[in-house]
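Trainee: Shown below is the structure under consideration.
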Amino acid sequence: MQELSINPDKLHTTELGAERIKRNLNLQIDDIVLWCKESVKQADIIIRWGKNFYVYRSGVAITINAKSNTIITAHPINSNPCN
């Protein structure tokens, strides 16, 4: 059975990863890791698919490497597929 929970305390990212997340989500915050930790704690859905976790919360998808706990990226989710 696959593990479906993430320990938010172990999450981290690289400097480039933080910049990518800020750009993708148009965030103006300094601590991206803290923002992602809070998103994981309040996630609507967490799915493990292959080597990654996909965390869904409030119109955002966050990709986390399951082995290293590295936050890879985050993207907004378009709720209307026609846009």
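We label chains A, B, ... in the order they appear in the structure tokens, count residues from 1 in each chain, and number ligands from 1 in the order shown.
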Find the residues around A:Arg20 up to 12 Å (only C-alpha atoms counted), leave out those fewer than 6 positions away in its own chain, and share them as a count of residues only.

Mentor: 12

Trainee: Just want the 9 Å neighbourhood of A:Val60, counted on only C-alpha atoms, with same-chain residues fewer than 5 positions away dropped. Output as a PyMOL selection string.

Mentor: chain A and resi 25+55+74-78

Trainee: What separation in Å, quoted to one decimal, exists between atom CA of A:His12 and atom CA of A:Gly50?

Mentor: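 Here the two named atoms are 19.5 Å from each other.
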
Trainee: Please identify which residues in stretch 18-77 of chain A DSSP calls strand (DSSP E or B) from the backbone, and express them as a ChimeraX atom specification.

Mentor: /A:45-49,52-57,60-65,70-76

Trainee: How would the residues just chosen look if you wrote them out with C-alpha atoms as a short mmCIF file (atom, residue, chain, number, x, y, z; two decimals), in the first residue's frame?

Mentor:
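The resulting file, again03.cif, is reproduced below:
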data_model
loop_
_atom_site.label_atom_id
_atom_site.label_comp_id
_atom_site.auth_asym_id
_atom_site.auth_seq_id
_atom_site.Cartn_x
_atom_site.Cartn_y
_atom_site.Cartn_z
CA ILE A 45 -6.38 15.73 -1.62
CA ILE A 46 -2.92 14.12 -1.51
CA ILE A 47 -2.07 11.53 -4.15
CA ARG A 48 1.11 9.55 -4.61
CA TRP A 49 1.76 8.77 -8.23
CA ASN A 52 5.93 12.14 -6.45
CA PHE A 53 3.19 13.35 -4.19
CA TYR A 54 0.61 15.70 -5.66
CA VAL A 55 -1.03 17.96 -3.12
CA TYR A 56 -4.24 19.74 -4.10
CA ARG A 57 -5.61 22.66 -2.14
CA VAL A 60 -3.32 24.83 -6.51
CA ALA A 61 -1.38 21.63 -7.22
CA ILE A 62 1.98 21.18 -5.46
CA THR A 63 4.43 18.50 -6.62
CA ILE A 64 6.70 16.96 -3.96
CA ASN A 65 9.33 14.27 -4.45
CA THR A 70 11.72 18.26 -1.98
CA ILE A 71 9.02 20.62 -3.17
CA ILE A 72 9.51 20.57 -6.93
CA THR A 73 6.89 22.96 -8.26
CA ALA A 74 3.36 24.27 -7.89
CA HIS A 75 0.77 25.33 -10.43
CA PRO A 76 -2.69 26.82 -10.38
#

Trainee: Run DSSP on the backbone of this structure and report the residues of chain A it assigns to helix (DSSP H, G or I), as number ranges by chain.

Mentor: A: 8-10, 15-25, 32-41

Trainee: Please, what distance in Å, to one decimal, runs between atom CA of A:Pro8 and atom CA of A:Val40?

Mentor: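 Computing it gives 6.7 Å between the two atoms.
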
Trainee: Using only C-alpha atoms, can you tell me which of A:Leu16, A:Asp9, A:Ile21, A:Asn69 comes closest to A:Leu34?

Mentor: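 The answer is A:Asp9, which sits nearest to A:Leu34.
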
Trainee: Please indicate the distance in Å from atom CA of A:Ser58 to atom CA of A:Cys36, rounded to one decimal place.

Mentor: 12.2 Å
